[in-house]
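Colleague: Before anything else, here's the structure in question.
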Amino acid sequence: MPPYTIVYFPARGRCEATRMLLADQGQTWKEEVVTLDTWRQGPLKASCLYGQLPKFQDGDLTLYQSNAILRHLGRTLGLYGRDAREAAQVDMANDGVEDLRRRCSHLIHHNYEEGKAQYIQDLPGHLQPFETLLAQNRGGQAFIVGDQISFADYNLLDLLMNHQALAPGCLDGLPLLSAYVARLSARPQLKAFLDSPEHVNRPIFGSRKI
Ligand code: GTS
């Protein structure tokens with residue numbers, strides 16, 4: 001039995017970065033897919049610490065909050081920078097990912113038809129900080145921080161791929177980010193996961209707008 005279990009809705013959402021991390025690190029995990037019907041019945045929601053999913057289990061450790069899950073895996077699998085300085089930079093990058101993820105999620109769930117054009121117009125400004133971070137680290141040829149992959153890379157990669165689905169060409173003016181997406185998604189174990197029906201057939205958002 002794998003030690004990890006992901007309990008989540010049938011979507012990539014806030015779990016695909018965790019899945020990408022686990023797959024790339026050669027880990028296996030169990031999925032417990034929660035349908036909206038089951039969720040609306042109430043008991044599972046009531047049992048969740050913040051009344052939300054994802055829920056994640058690592059053996060007898062139960063975690064909620066997607067970024068806490070990523071950080072836990074970062075600590076335990078050696079994906080949190082080389083030292084305290086890099087760990088702080090990994091946190092900074094990941095918090096930036098979270099800000100844009102929330103912005104995107106708000107668009108999808110609350111303002112899609114009216115807000116999409118403006119969102120796409122503003123997008124380069126929201127992606128530029130990540131291009132800047134790459135430029136500051138080994139000329140953009142490595143990872144978001146340092147010379148080893150971190151949990152923030154998987155989170156950023158997921159966010160960027162989602163935006164490529166929402167706004168094809170959104171990375172065209174951002175050469176380091178474009179190369180970064182191509183380089184990371186070609187990592188053999190990650191590529192195998194990204195090519196798998198499990199990933200391909202899972203919608204980015206449950207509402208299937210993208
Ligand atoms: N901060 C939380 C995290 O990062 O895990 C947010 C979790 C969250 O918003 N979960 C949503 C949820 O459980 C689903 S999704 O936004 O990840 O798609 N919604 C159902 C509910 O009843 O709130």
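Just so we're on the same page: first chain in the structure tokens is A, next is B, and so on; residues restart at 1 for each chain, and ligands are numbered from 1 in the order they show up.
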Taking only residues of chain A that have an atom at most 7 Å from an atom of ligand 1, what is each one's shortest atom pair and its distance in Å to one decimal, using only C-alpha atoms and all ligand atoms, in chain and number order, as CSV?

Modeller:
```
residue,atom,partner,partner_atom_place_in_ligand_line,distance
A:Gly13,CA,ligand 1,18 (O),5.3
A:Arg14,CA,ligand 1,17 (O),4.8
A:Lys45,CA,ligand 1,22 (O),6.6
A:Gly51,CA,ligand 1,23 (O),6.2
A:Gln52,CA,ligand 1,13 (O),3.3
A:Leu53,CA,ligand 1,13 (O),3.9
A:Pro54,CA,ligand 1,5 (O),5.4
A:Tyr64,CA,ligand 1,5 (O),6.1
A:Gln65,CA,ligand 1,5 (O),3.4
A:Ser66,CA,ligand 1,5 (O),3.9
A:Asn67,CA,ligand 1,4 (O),5.7
A:Phe205,CA,ligand 1,18 (O),6.8
```

Colleague: Go ahead and write the selection's residues with all heavy atoms as a short mmCIF file (atom, residue, chain, number, x, y, z; two decimals), in the first residue's frame.

Modeller:
```cif
data_model
loop_
_atom_site.label_atom_id
_atom_site.label_comp_id
_atom_site.auth_asym_id
_atom_site.auth_seq_id
_atom_site.Cartn_x
_atom_site.Cartn_y
_atom_site.Cartn_z
N GLY A 13 -7.19 20.81 -10.34
CA GLY A 13 -7.36 21.79 -9.28
C GLY A 13 -6.13 22.00 -8.42
O GLY A 13 -5.03 22.24 -8.92
N ARG A 14 -6.36 21.87 -7.11
CA ARG A 14 -5.27 22.13 -6.15
C ARG A 14 -4.46 20.87 -5.83
O ARG A 14 -3.68 20.88 -4.88
CB ARG A 14 -5.87 22.69 -4.85
CG ARG A 14 -6.30 24.14 -4.99
CD ARG A 14 -6.74 24.72 -3.68
NE ARG A 14 -6.79 26.18 -3.77
CZ ARG A 14 -5.75 26.96 -3.62
NH1 ARG A 14 -4.57 26.47 -3.33
NH2 ARG A 14 -5.88 28.26 -3.74
N LYS A 45 -17.60 16.71 4.35
CA LYS A 45 -17.26 18.13 4.54
C LYS A 45 -17.14 18.45 6.03
O LYS A 45 -16.20 19.10 6.46
CB LYS A 45 -18.31 19.02 3.87
CG LYS A 45 -18.04 20.52 3.99
CD LYS A 45 -19.08 21.32 3.19
CE LYS A 45 -18.98 22.82 3.45
NZ LYS A 45 -17.80 23.45 2.86
N GLY A 51 -13.41 22.24 6.35
CA GLY A 51 -14.61 22.04 5.56
C GLY A 51 -14.35 22.02 4.07
O GLY A 51 -15.25 22.26 3.26
N GLN A 52 -13.09 21.73 3.69
CA GLN A 52 -12.74 21.74 2.27
C GLN A 52 -11.77 20.62 1.94
O GLN A 52 -11.11 20.05 2.82
CB GLN A 52 -12.08 23.09 1.91
CG GLN A 52 -13.06 24.27 1.99
CD GLN A 52 -12.50 25.52 1.39
OE1 GLN A 52 -11.35 25.89 1.67
NE2 GLN A 52 -13.28 26.19 0.57
N LEU A 53 -11.68 20.33 0.65
CA LEU A 53 -10.67 19.41 0.11
C LEU A 53 -9.65 20.24 -0.67
O LEU A 53 -9.98 21.32 -1.12
CB LEU A 53 -11.34 18.38 -0.80
CG LEU A 53 -12.35 17.44 -0.11
CD1 LEU A 53 -13.00 16.53 -1.15
CD2 LEU A 53 -11.67 16.59 0.97
N PRO A 54 -8.41 19.76 -0.83
CA PRO A 54 -7.96 18.39 -0.62
C PRO A 54 -7.66 18.04 0.83
O PRO A 54 -7.35 18.89 1.66
CB PRO A 54 -6.66 18.33 -1.44
CG PRO A 54 -6.13 19.73 -1.43
CD PRO A 54 -7.36 20.59 -1.47
N TYR A 64 -4.54 18.97 5.67
CA TYR A 64 -5.40 19.79 4.80
C TYR A 64 -4.56 20.99 4.38
O TYR A 64 -3.52 21.26 4.97
CB TYR A 64 -6.65 20.26 5.56
CG TYR A 64 -7.50 19.10 6.04
CD1 TYR A 64 -7.34 18.58 7.33
CD2 TYR A 64 -8.44 18.53 5.21
CE1 TYR A 64 -8.10 17.51 7.77
CE2 TYR A 64 -9.22 17.45 5.64
CZ TYR A 64 -9.04 16.95 6.92
OH TYR A 64 -9.80 15.90 7.35
N GLN A 65 -5.03 21.71 3.39
CA GLN A 65 -4.36 22.88 2.81
C GLN A 65 -3.30 22.43 1.80
O GLN A 65 -2.27 21.86 2.15
CB GLN A 65 -3.72 23.80 3.88
CG GLN A 65 -4.71 24.46 4.82
CD GLN A 65 -5.60 25.50 4.12
OE1 GLN A 65 -5.40 25.83 2.96
NE2 GLN A 65 -6.59 26.00 4.83
N SER A 66 -3.59 22.73 0.53
CA SER A 66 -2.74 22.22 -0.56
C SER A 66 -1.29 22.65 -0.44
O SER A 66 -0.38 21.88 -0.76
CB SER A 66 -3.32 22.65 -1.91
OG SER A 66 -3.50 24.06 -1.96
N ASN A 67 -1.06 23.88 0.02
CA ASN A 67 0.34 24.32 0.11
C ASN A 67 1.07 23.69 1.29
O ASN A 67 2.28 23.46 1.22
CB ASN A 67 0.42 25.85 0.16
CG ASN A 67 0.08 26.44 -1.20
OD1 ASN A 67 0.82 26.27 -2.17
ND2 ASN A 67 -1.06 27.10 -1.29
N PHE A 205 -10.39 22.28 -13.99
CA PHE A 205 -11.38 22.68 -12.99
C PHE A 205 -12.60 21.80 -13.15
O PHE A 205 -12.95 21.43 -14.28
CB PHE A 205 -11.80 24.15 -13.17
CG PHE A 205 -10.69 25.12 -12.88
CD1 PHE A 205 -9.92 25.63 -13.90
CD2 PHE A 205 -10.42 25.52 -11.58
CE1 PHE A 205 -8.89 26.53 -13.63
CE2 PHE A 205 -9.40 26.41 -11.29
CZ PHE A 205 -8.63 26.92 -12.33
#
```

Colleague: Env of stretch 99-109 of chain A: 9 Å cut, atoms = only C-alpha atoms, seq-sep filter 4 positions within chain, self excluded. Answer as a ChimeraX atom specification.

Modeller: /A:13-14,94-95,113-116,119,126-127,159,163,205,207,209-210

Colleague: Contacts between stretch 15-18 of chain A and stretch 109-172 of chain A, please, where a residue of stretch 109-172 of chain A counts if it comes within 10 Å (with only C-alpha atoms); show its shortest atom pair and distance in Å to one decimal, rows by chain and ascending number, as a Markdown table.

Modeller:
```
| residue | atom | partner | partner_atom | distance |
| --- | --- | --- | --- | --- |
| A:Phe151 | CA | A:Ala17 | CA | 8.1 |
| A:Ala152 | CA | A:Ala17 | CA | 8.8 |
| A:Asp153 | CA | A:Ala17 | CA | 8.7 |
| A:Tyr154 | CA | A:Ala17 | CA | 5.2 |
| A:Asn155 | CA | A:Ala17 | CA | 4.8 |
| A:Leu156 | CA | A:Ala17 | CA | 8.1 |
| A:Leu157 | CA | A:Ala17 | CA | 7.7 |
| A:Asp158 | CA | A:Ala17 | CA | 5.7 |
| A:Leu159 | CA | A:Ala17 | CA | 8.4 |
```

Colleague: Write down as a PyMOL selection string the residues of chain A whose backbone DSSP state falls under strand (DSSP E or B).

Modeller: chain A and resi 4-8+29-33+55-58+61-64

Colleague: For A:Trp39, which of A:Leu61, A:Ile144, A:Leu77, A:Val7 is the closest residue, counting only C-alpha atoms?

Modeller: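 Result for the nearest residue to A:Trp39: A:Val7.
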
Colleague: I'd like to know which of A:Phe9, A:Gly173, A:Gln89, A:Tyr50 is closest to A:Thr35, using only C-alpha atoms.

Modeller: A:Phe9

Colleague: Using only C-alpha atoms, find each residue in stretch 55-125 of chain A having at least one atom no more than 10 Å away from stretch 20-26 of chain A; report its shortest atom-to-atom pair and that distance in Å (one decimal), rows by chain then rising number, as a Markdown table.

Modeller:
```
| residue | atom | partner | partner_atom | distance |
| --- | --- | --- | --- | --- |
| A:Leu70 | CA | A:Leu21 | CA | 8.4 |
| A:Leu73 | CA | A:Leu21 | CA | 8.3 |
| A:Gly74 | CA | A:Leu21 | CA | 9.1 |
| A:Leu77 | CA | A:Gln25 | CA | 8.1 |
| A:Leu79 | CA | A:Leu21 | CA | 9.2 |
```

Colleague: List every residue of chain A that DSSP, applied to the backbone of this structure, places in helix (DSSP H, G or I), and write the result as a PyMOL selection string.

Modeller: chain A and resi 16-24+36-41+43-47+66-76+84-110+112-136+138-140+151-166+175-185+188-195+197-200

Colleague: Taking 5 positions as the minimum chain separation for residues in the same chain, which residues sit within 9 Å of A:Leu177 when counting only C-alpha atoms? Answer as a count of residues only.

Modeller: 9

Colleague: Excluding A:Ile120 and any residue of its chain fewer than 4 positions from it, enumerate the residues within 8 Å of it, using only C-alpha atoms, and give them as a VMD selection string.

Modeller: chain A and resid 116 124 167 170

Colleague: Let me make sure I understand: among A:Ser47, A:Ser196, A:Asn201, A:Ser150, which one has the smallest atom-to-atom distance to A:Arg75 if we use only C-alpha atoms?

Modeller: A:Ser150

Colleague: Please list as a CSV table (one decimal) with N, CA and C atoms, in the first residue's frame every residue within 12 Å of A:Val200, counting only C-alpha atoms and excluding residues in the same chain fewer than 4 positions away.

Modeller:
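File produced: selection-v5.csv:
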```csv
chain,number,residue,atom,x,y,z
A,11,ALA,N,-10.9,16.5,-10.4
A,11,ALA,CA,-10.3,17.7,-11.1
A,11,ALA,C,-8.8,17.7,-10.8
A,12,ARG,N,-8.0,18.4,-11.6
A,12,ARG,CA,-6.6,18.7,-11.3
A,12,ARG,C,-6.5,19.7,-10.2
A,16,GLU,N,-3.0,18.8,-8.6
A,16,GLU,CA,-2.2,18.3,-9.7
A,16,GLU,C,-0.7,18.5,-9.5
A,191,LYS,N,7.0,13.4,-17.6
A,191,LYS,CA,6.4,13.3,-18.9
A,191,LYS,C,5.4,12.1,-19.0
A,192,ALA,N,5.9,11.0,-18.4
A,192,ALA,CA,5.0,9.8,-18.4
A,192,ALA,C,3.7,10.1,-17.7
A,193,PHE,N,3.8,10.8,-16.6
A,193,PHE,CA,2.5,11.2,-15.9
A,193,PHE,C,1.7,12.1,-16.7
A,194,LEU,N,2.3,13.2,-17.3
A,194,LEU,CA,1.6,14.2,-18.0
A,194,LEU,C,0.9,13.6,-19.3
A,195,ASP,N,1.5,12.5,-19.8
A,195,ASP,CA,1.0,11.8,-21.0
A,195,ASP,C,-0.1,10.8,-20.6
A,196,SER,N,-0.2,10.5,-19.4
A,196,SER,CA,-1.1,9.4,-18.9
A,196,SER,C,-2.6,9.8,-19.0
A,204,ILE,N,-9.1,20.5,-15.6
A,204,ILE,CA,-8.3,21.4,-14.8
A,204,ILE,C,-9.2,21.9,-13.6
```

Colleague: If we count only C-alpha atoms, what is near A:Arg183 at a cut-off of 12 Å, once residues fewer than 2 positions away on the same chain are taken out, given as a list of chain:residue names?

Modeller: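 The residues satisfying every condition are A:Gly140, A:Gln141, A:Ala142, A:Phe143, A:Ile149, A:Asp153, A:Leu157, A:Leu176, A:Leu177, A:Ser178, A:Ala179, A:Tyr180, A:Val181, A:Ser185, A:Ala186, A:Arg187, A:Pro188, A:Leu190, A:Lys191.
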